[in-house]
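*Asks:* Dropping a structure here in structure tokens format, bear with me for questions.
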Protein chains: 2
Amino acid sequence: LTPATDPAIETDAVVIGAGPIGLFQAFQLGLLEVAVHIVDALPAAGGQCVELYPDKPIYDIPGVPVVSGRELAERLLVQIRPFHFQLHLGQQIAALETRPDGRFALQTSRGQRFVARAIFIAAGVGAFQPRTLKVPGIERYAGTQLLHRAPPNAQLAGRHVAVFGDDDTALCEALDLAHAAASERPASVTLVHRRDAFTAAADTVARMRETCAAGRMAFVAAQPVAIEEVDGRVVALQLACADGSDRKLQVDIVLALLGLSPKLGPVADWGLAMARRQVVVDTERFETSVEGIHAVGDINTYPGKRKLIVCGFHEATMAAYAAAARLQPDRPLLQQYTTTSPRLQRLLGVGKD
Amino acid sequence: LTPATDPAIETDAVVIGAGPIGLFQAFQLGLLEVAVHIVDALPAAGGQCVELYPDKPIYDIPGVPVVSGRELAERLLVQIRPFHFQLHLGQQIAALETRPDGRFALQTSRGQRFVARAIFIAAGVGAFQPRTLKVPGIERYAGTQLLHRAPPNAQLAGRHVAVFGDDDTALCEALDLAHAAASERPASVTLVHRRDAFTAAADTVARMRETCAAGRMAFVAAQPVAIEEVDGRVVALQLACADGSDRKLQVDIVLALLGLSPKLGPVADWGLAMARRQVVVDTERFETSVEGIHAVGDINTYPGKRKLIVCGFHEATMAAYAAAARLQPDRPLLQQYTTTSPRLQRLLGVGKD
């Protein structure tokens with residue numbers, strides 16, 4: 001946990017997850033004049049839609065015959081623009097506790113703190129985190145010799161670099177290093193993948209093979225089984241090769257570009273009632289077993305639950321009304337419609353005055 | 001009740017109401033391969049959206065920052081186009097009963113019969129029906145001397161016509177008759193509204209006043225209080241004028257153009273559990289107290305119910321899955337996604353083969 005650096009932000013609500021349901025949660029809260037901060041582990045809004053199927057068509061959003069994941073996220077960002085919400089990206093909620101005054105104290109993995117009166121968990125299948133190498137002891141070198149994002153080439157100059165992965169991101173990074181300017185070139189570049197078959201595009205694989213043939217990089221079909229350390233540094237990896245042989249690979253830097261995988265993460269430790277790793281909610285308030293903490297979208301469960309975006313939109317709507325009634329007990333919650341209410345139209349920035 | 005004329009249509013499901021929720025109900029049933037017929041009292045699809053606010057913007061459809069009621073209906077019609085559903089417009093369900101084989105027998109006000117295994121009531125605030133004049137005894141002349149839609153001008157030639165109403169439809173019809181070709185002109189045209197103030201557009205009102213000044217029609221600010229009959233025909237209306245006087249107006253035809261008003265209608269007589277004139281449903285299957293009859297959208301109620309389109313879309317989704325599981329007990333109901341399922345994409349007409 002990164003130590004808290006910024007002062008805590010006091011707000012009505014924190015929405016955990018900037019996927020389509022988290023974004024629409026912010027929209028419904030905005031219409032009810034509940035102030036919102038949104039936190040997401042990914043570096044951009046959109047969640048699964050953008051991370052898992054940015055360019056694939058979705059056909060079952062009502063009133064939208066076809067839309068890509070990326071486009072749906074963009075449309076929702078346009079829709080919530082009137083509300084001046086704040087997005088906190090590239091960080092996940094690492095700590096959550098209830099304060100004596102009934103509010104919630106939250107802290108992100110980057111040290112940003114919040115004090116909020118309501119929480120909306122819209123975390124989908126969990127926070128997307130880089131898949132890591134399963135080699136005993138290597139986790140101690142995370143951030144020093146084990147990296148999950150490529151640093152600027154200059155930082156790898158003169159180093160022995162092992163790149164793990166089989167997709168375009170991994171192969172293109174290995175190629176980029178192999179073809180770096182002389183002043184920035186690593187001492188060696190070795191691509192490692194468990195077998196000689198790749199998910200990267202065919203032409204990327206072809207370029208990789210040419211670059212290996214030219215002697216600028218190497219490919220080894222192998223799995224890492226152990227690290228060799230000297231004086232608190234990793235100096236080599238023991239590899240079990242696909243051909244049955246063993247091999248020792250000299251390394252200074254291990255670049256694990258294995259993609260992202262969703263992790264339920266700390267949500268599982270917050271004491272909320274769970275069933276089959278889903279957060280249990282009711283169907284009136286979409287509230288968890290803790291008053292003031294709602295859960296919407298793919299992360300929740302209730303009788304008949306369907307993991308569909310159209311259902312998450314409804315859940316976020318119901319949760320917003322329930323929370324607004326609790327946060328604003330003196331305000332009459334008449335049903336207003338965006339089509340006819342001057343108040344809602346003013347909030348949306350489309351009012352006539 | 002019009003006598004049944006057509007043979008009964010045997011189908012999986014009848015959806016009552018072609019508003020946005022009824023249309024999306026057909027979409028979700030289509031994805032689950034449940035055959036659908038849709039019935040609506042209005043002459044076009046779209047329901048309240050098209051009848052009450054065709055040109056007004058809606059801002060809270062998820063992923064659609066702004067859309068008019070008419071445009072939303074059009075988009076939903078495009079979305080369900082792959083499914084070859086059939087629309088039965090301008091008629092409402094007048095009779096419903098359960099058959100000994102557990103299926104439902106339905107008949108519309110136009111005599112169309114259906115035999116269906118499931119029913120989805122998506123009737124919103126009820127079936128839109130013309131508002132009628134509240135004058136004792138006049139209802140006996142409905143369809144002969146009392147009309148709720150303007151007939152071709154030729155049918156009114158030489159007749160004394162009273163037009164009731166204050167909106168553009170009523171005023172424009174009166175103007176149209178007053179300016180009809182000589183061979184089609186009524187003997188007289190009198191516009192009647194309770195006061196000298198109109199909801200019609202200002203220029204329509206100005207045209208009406210000019211036409212009155214030119215002696216081609218008359219306007220009377222009055223309310224009808226009684227009819228005068230001779231030999232089973234209406235010959236005059238007794239009017240109570242806004243200025244306190246009484247007046248007798250000679251009439252052959254009463255054209256009541258008072259707009260449409262939603263009526264819950266026969267739904268209230270089907271023996272379904274109701275609460276405050278809403279149909280009670282559960283939140284897992286959105287099913288009424290009768291197995292196989294679901295209710296979705298503004299017509300239903302359950303704890304926390306919000307009359308919002310976004311909620312109706314979810315309700316229709318859940319009802320579709322519940323019905324499909326009952327209608328297709330042998331088919332495994334794995335959750336499939338339109339983004340990835342070749343089967344769903346084939347149904348949508350976008351499959352690769």
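Residues in the structure tokens are named by chain (A, B, ... in the order shown) and by number from 1 within that chain; ligands are numbered from 1 in the order shown.
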Counting only C-alpha atoms, which residues from chain B have an atom at most 7 Å from any atom of chain A, and could you show them as a list in words?

*Replies:*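 Listed by rising number, the hits are Phe24, Lys56, Pro57, Ile58, Tyr59, Asp60, Pro62, Gly63, Val64, Pro65, Leu72, Arg75, Leu76, Val78, Gln79, Thr283, Glu284, Pro303, Gly304, Val310, Cys311, Phe313, His314, Thr338 and Thr339 of chain B.
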
*Asks:* When you look at Asn300 in chain A with a cut-off of 10 Å (counting only C-alpha atoms), what residues show up, excluding the ones that are within fewer than 3 positions of it in the same chain? I need them as a list in words.

*Replies:* Ile121, Ala122, Ala123, Gly124, Val125, Met274, Ala275, Arg277, Gln278, Val279, Val280, Val281, Asp282, Phe286, Glu287, Thr288, His294, Ala295, Val296, Gly297, Lys305, Arg306, Lys307, Gly312 and Glu315 of chain A

*Asks:* My list of candidates is A:Asp168, A:Asp12, A:Glu139, A:Asp298. Which is closest to Met208 in chain A when distances are computed with only C-alpha atoms?

*Replies:*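 Comparing A:Asp168, A:Asp12, A:Glu139, A:Asp298 against Met208 in chain A, the winner is A:Asp168.
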
*Asks:* Tell me which protein, DNA and RNA residues are within 8 Å of Phe120 in chain A, counting only C-alpha atoms, leaving out same-chain ones fewer than 5 positions away, and put them as a list in words.

*Replies:*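 Neighbouring residues, sequence-local ones excluded: Ala13, Val14, Val15, Ile16, Gly22, Gln25, Ile293, His294, Ala295 and Val296 of chain A.
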
*Asks:* Write out as a list in words which residues come within 6 Å of Gln238 in chain A when counting only C-alpha atoms, dropping same-chain ones fewer than 3 positions away.

*Replies:* Pro224, Val225, Ala226, Arg247 and Lys248 of chain A

*Asks:* Based on DSSP run over this structure's backbone, return all residues of range 20-154 of chain B in helix (DSSP H, G or I), as a VMD selection string.

*Replies:* chain B and resid 20 to 31 47 to 51 69 to 83 138 to 141 153 to 154

*Asks:* Please provide as a list in words all residues within 9 Å of Val163 in chain A, with the sequence filter that same-chain residues fewer than 5 positions apart are discarded (counting only C-alpha atoms).

*Replies:* Ala170, Leu171, Glu173, Ala174, Val189, Thr190, Leu191, Val192, His193, Ile253, Val254, Leu255, Ala256 and Leu257 of chain A

*Asks:* Save the residues we just selected, N, CA, C and O atoms, as a PDB file, in the first residue's frame?

*Replies:*
ATOM      1  N   ALA A 170       3.874  -7.770 -26.616  1.00  0.00           N
ATOM      2  CA  ALA A 170       5.142  -8.384 -26.203  1.00  0.00           C
ATOM      3  C   ALA A 170       6.131  -8.432 -27.373  1.00  0.00           C
ATOM      4  O   ALA A 170       7.293  -8.018 -27.252  1.00  0.00           O
ATOM      5  N   LEU A 171       5.683  -8.925 -28.523  1.00  0.00           N
ATOM      6  CA  LEU A 171       6.596  -9.078 -29.668  1.00  0.00           C
ATOM      7  C   LEU A 171       7.083  -7.715 -30.170  1.00  0.00           C
ATOM      8  O   LEU A 171       8.262  -7.544 -30.496  1.00  0.00           O
ATOM      9  N   GLU A 173       7.393  -4.978 -28.478  1.00  0.00           N
ATOM     10  CA  GLU A 173       8.350  -4.414 -27.526  1.00  0.00           C
ATOM     11  C   GLU A 173       9.727  -5.060 -27.705  1.00  0.00           C
ATOM     12  O   GLU A 173      10.758  -4.374 -27.720  1.00  0.00           O
ATOM     13  N   ALA A 174       9.741  -6.377 -27.874  1.00  0.00           N
ATOM     14  CA  ALA A 174      11.025  -7.067 -28.104  1.00  0.00           C
ATOM     15  C   ALA A 174      11.689  -6.552 -29.384  1.00  0.00           C
ATOM     16  O   ALA A 174      12.895  -6.275 -29.409  1.00  0.00           O
ATOM     17  N   VAL A 189      18.466  -9.258 -26.080  1.00  0.00           N
ATOM     18  CA  VAL A 189      16.999  -9.283 -26.013  1.00  0.00           C
ATOM     19  C   VAL A 189      16.557 -10.710 -26.301  1.00  0.00           C
ATOM     20  O   VAL A 189      16.863 -11.253 -27.366  1.00  0.00           O
ATOM     21  N   THR A 190      15.861 -11.320 -25.334  1.00  0.00           N
ATOM     22  CA  THR A 190      15.374 -12.686 -25.531  1.00  0.00           C
ATOM     23  C   THR A 190      13.870 -12.721 -25.298  1.00  0.00           C
ATOM     24  O   THR A 190      13.394 -12.320 -24.225  1.00  0.00           O
ATOM     25  N   LEU A 191      13.156 -13.154 -26.315  1.00  0.00           N
ATOM     26  CA  LEU A 191      11.717 -13.355 -26.169  1.00  0.00           C
ATOM     27  C   LEU A 191      11.499 -14.769 -25.655  1.00  0.00           C
ATOM     28  O   LEU A 191      12.095 -15.716 -26.181  1.00  0.00           O
ATOM     29  N   VAL A 192      10.666 -14.912 -24.612  1.00  0.00           N
ATOM     30  CA  VAL A 192      10.386 -16.240 -24.054  1.00  0.00           C
ATOM     31  C   VAL A 192       8.873 -16.471 -24.058  1.00  0.00           C
ATOM     32  O   VAL A 192       8.113 -15.625 -23.590  1.00  0.00           O
ATOM     33  N   HIS A 193       8.475 -17.600 -24.635  1.00  0.00           N
ATOM     34  CA  HIS A 193       7.065 -18.006 -24.580  1.00  0.00           C
ATOM     35  C   HIS A 193       7.045 -19.528 -24.525  1.00  0.00           C
ATOM     36  O   HIS A 193       7.939 -20.174 -25.058  1.00  0.00           O
ATOM     37  N   ILE A 253      16.861  -7.620 -16.543  1.00  0.00           N
ATOM     38  CA  ILE A 253      15.476  -7.118 -16.502  1.00  0.00           C
ATOM     39  C   ILE A 253      14.545  -8.190 -17.068  1.00  0.00           C
ATOM     40  O   ILE A 253      14.805  -8.741 -18.143  1.00  0.00           O
ATOM     41  N   VAL A 254      13.462  -8.476 -16.336  1.00  0.00           N
ATOM     42  CA  VAL A 254      12.417  -9.382 -16.818  1.00  0.00           C
ATOM     43  C   VAL A 254      11.185  -8.533 -17.123  1.00  0.00           C
ATOM     44  O   VAL A 254      10.623  -7.901 -16.218  1.00  0.00           O
ATOM     45  N   LEU A 255      10.817  -8.490 -18.401  1.00  0.00           N
ATOM     46  CA  LEU A 255       9.675  -7.688 -18.830  1.00  0.00           C
ATOM     47  C   LEU A 255       8.507  -8.659 -19.071  1.00  0.00           C
ATOM     48  O   LEU A 255       8.485  -9.362 -20.077  1.00  0.00           O
ATOM     49  N   ALA A 256       7.573  -8.716 -18.110  1.00  0.00           N
ATOM     50  CA  ALA A 256       6.451  -9.664 -18.214  1.00  0.00           C
ATOM     51  C   ALA A 256       5.279  -8.953 -18.879  1.00  0.00           C
ATOM     52  O   ALA A 256       4.552  -8.199 -18.236  1.00  0.00           O
ATOM     53  N   LEU A 257       5.117  -9.192 -20.187  1.00  0.00           N
ATOM     54  CA  LEU A 257       4.028  -8.544 -20.938  1.00  0.00           C
ATOM     55  C   LEU A 257       2.984  -9.603 -21.274  1.00  0.00           C
ATOM     56  O   LEU A 257       2.790  -9.977 -22.432  1.00  0.00           O
TER      57      LEU A 257
END

*Asks:* Do a neighbour search on Glu10 in chain B at 7 Å with only C-alpha atoms, toss out local chain neighbours closer than 2 positions, and write the hits as an MDAnalysis selection string.

*Replies:* chainID B and resid 8 114:116

*Asks:* So the first atom is CA of Leu32 in chain B and the second is CA of Leu327 in chain B; what is the distance between them in Å, to one decimal place?

*Replies:*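 It comes out at 10.4 Å.
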
*Asks:* I'd like the contact shell of Ala221 in chain B - 10 Å cut-off, only C-alpha atoms, skipping same-chain residues fewer than 6 positions apart - returned as a ChimeraX atom specification.

*Replies:* /B:191-197,239-243

*Asks:* Which one of A:Asp166, A:Gly265, A:Glu228, A:Pro130 sits closest to Arg149 in chain A if you count only C-alpha atoms?

*Replies:* A:Pro130

*Asks:* State, in Å with one decimal place, the distance from CA of Glu51 in chain A to CA of Gln91 in chain A.

*Replies:* 15.4 Å
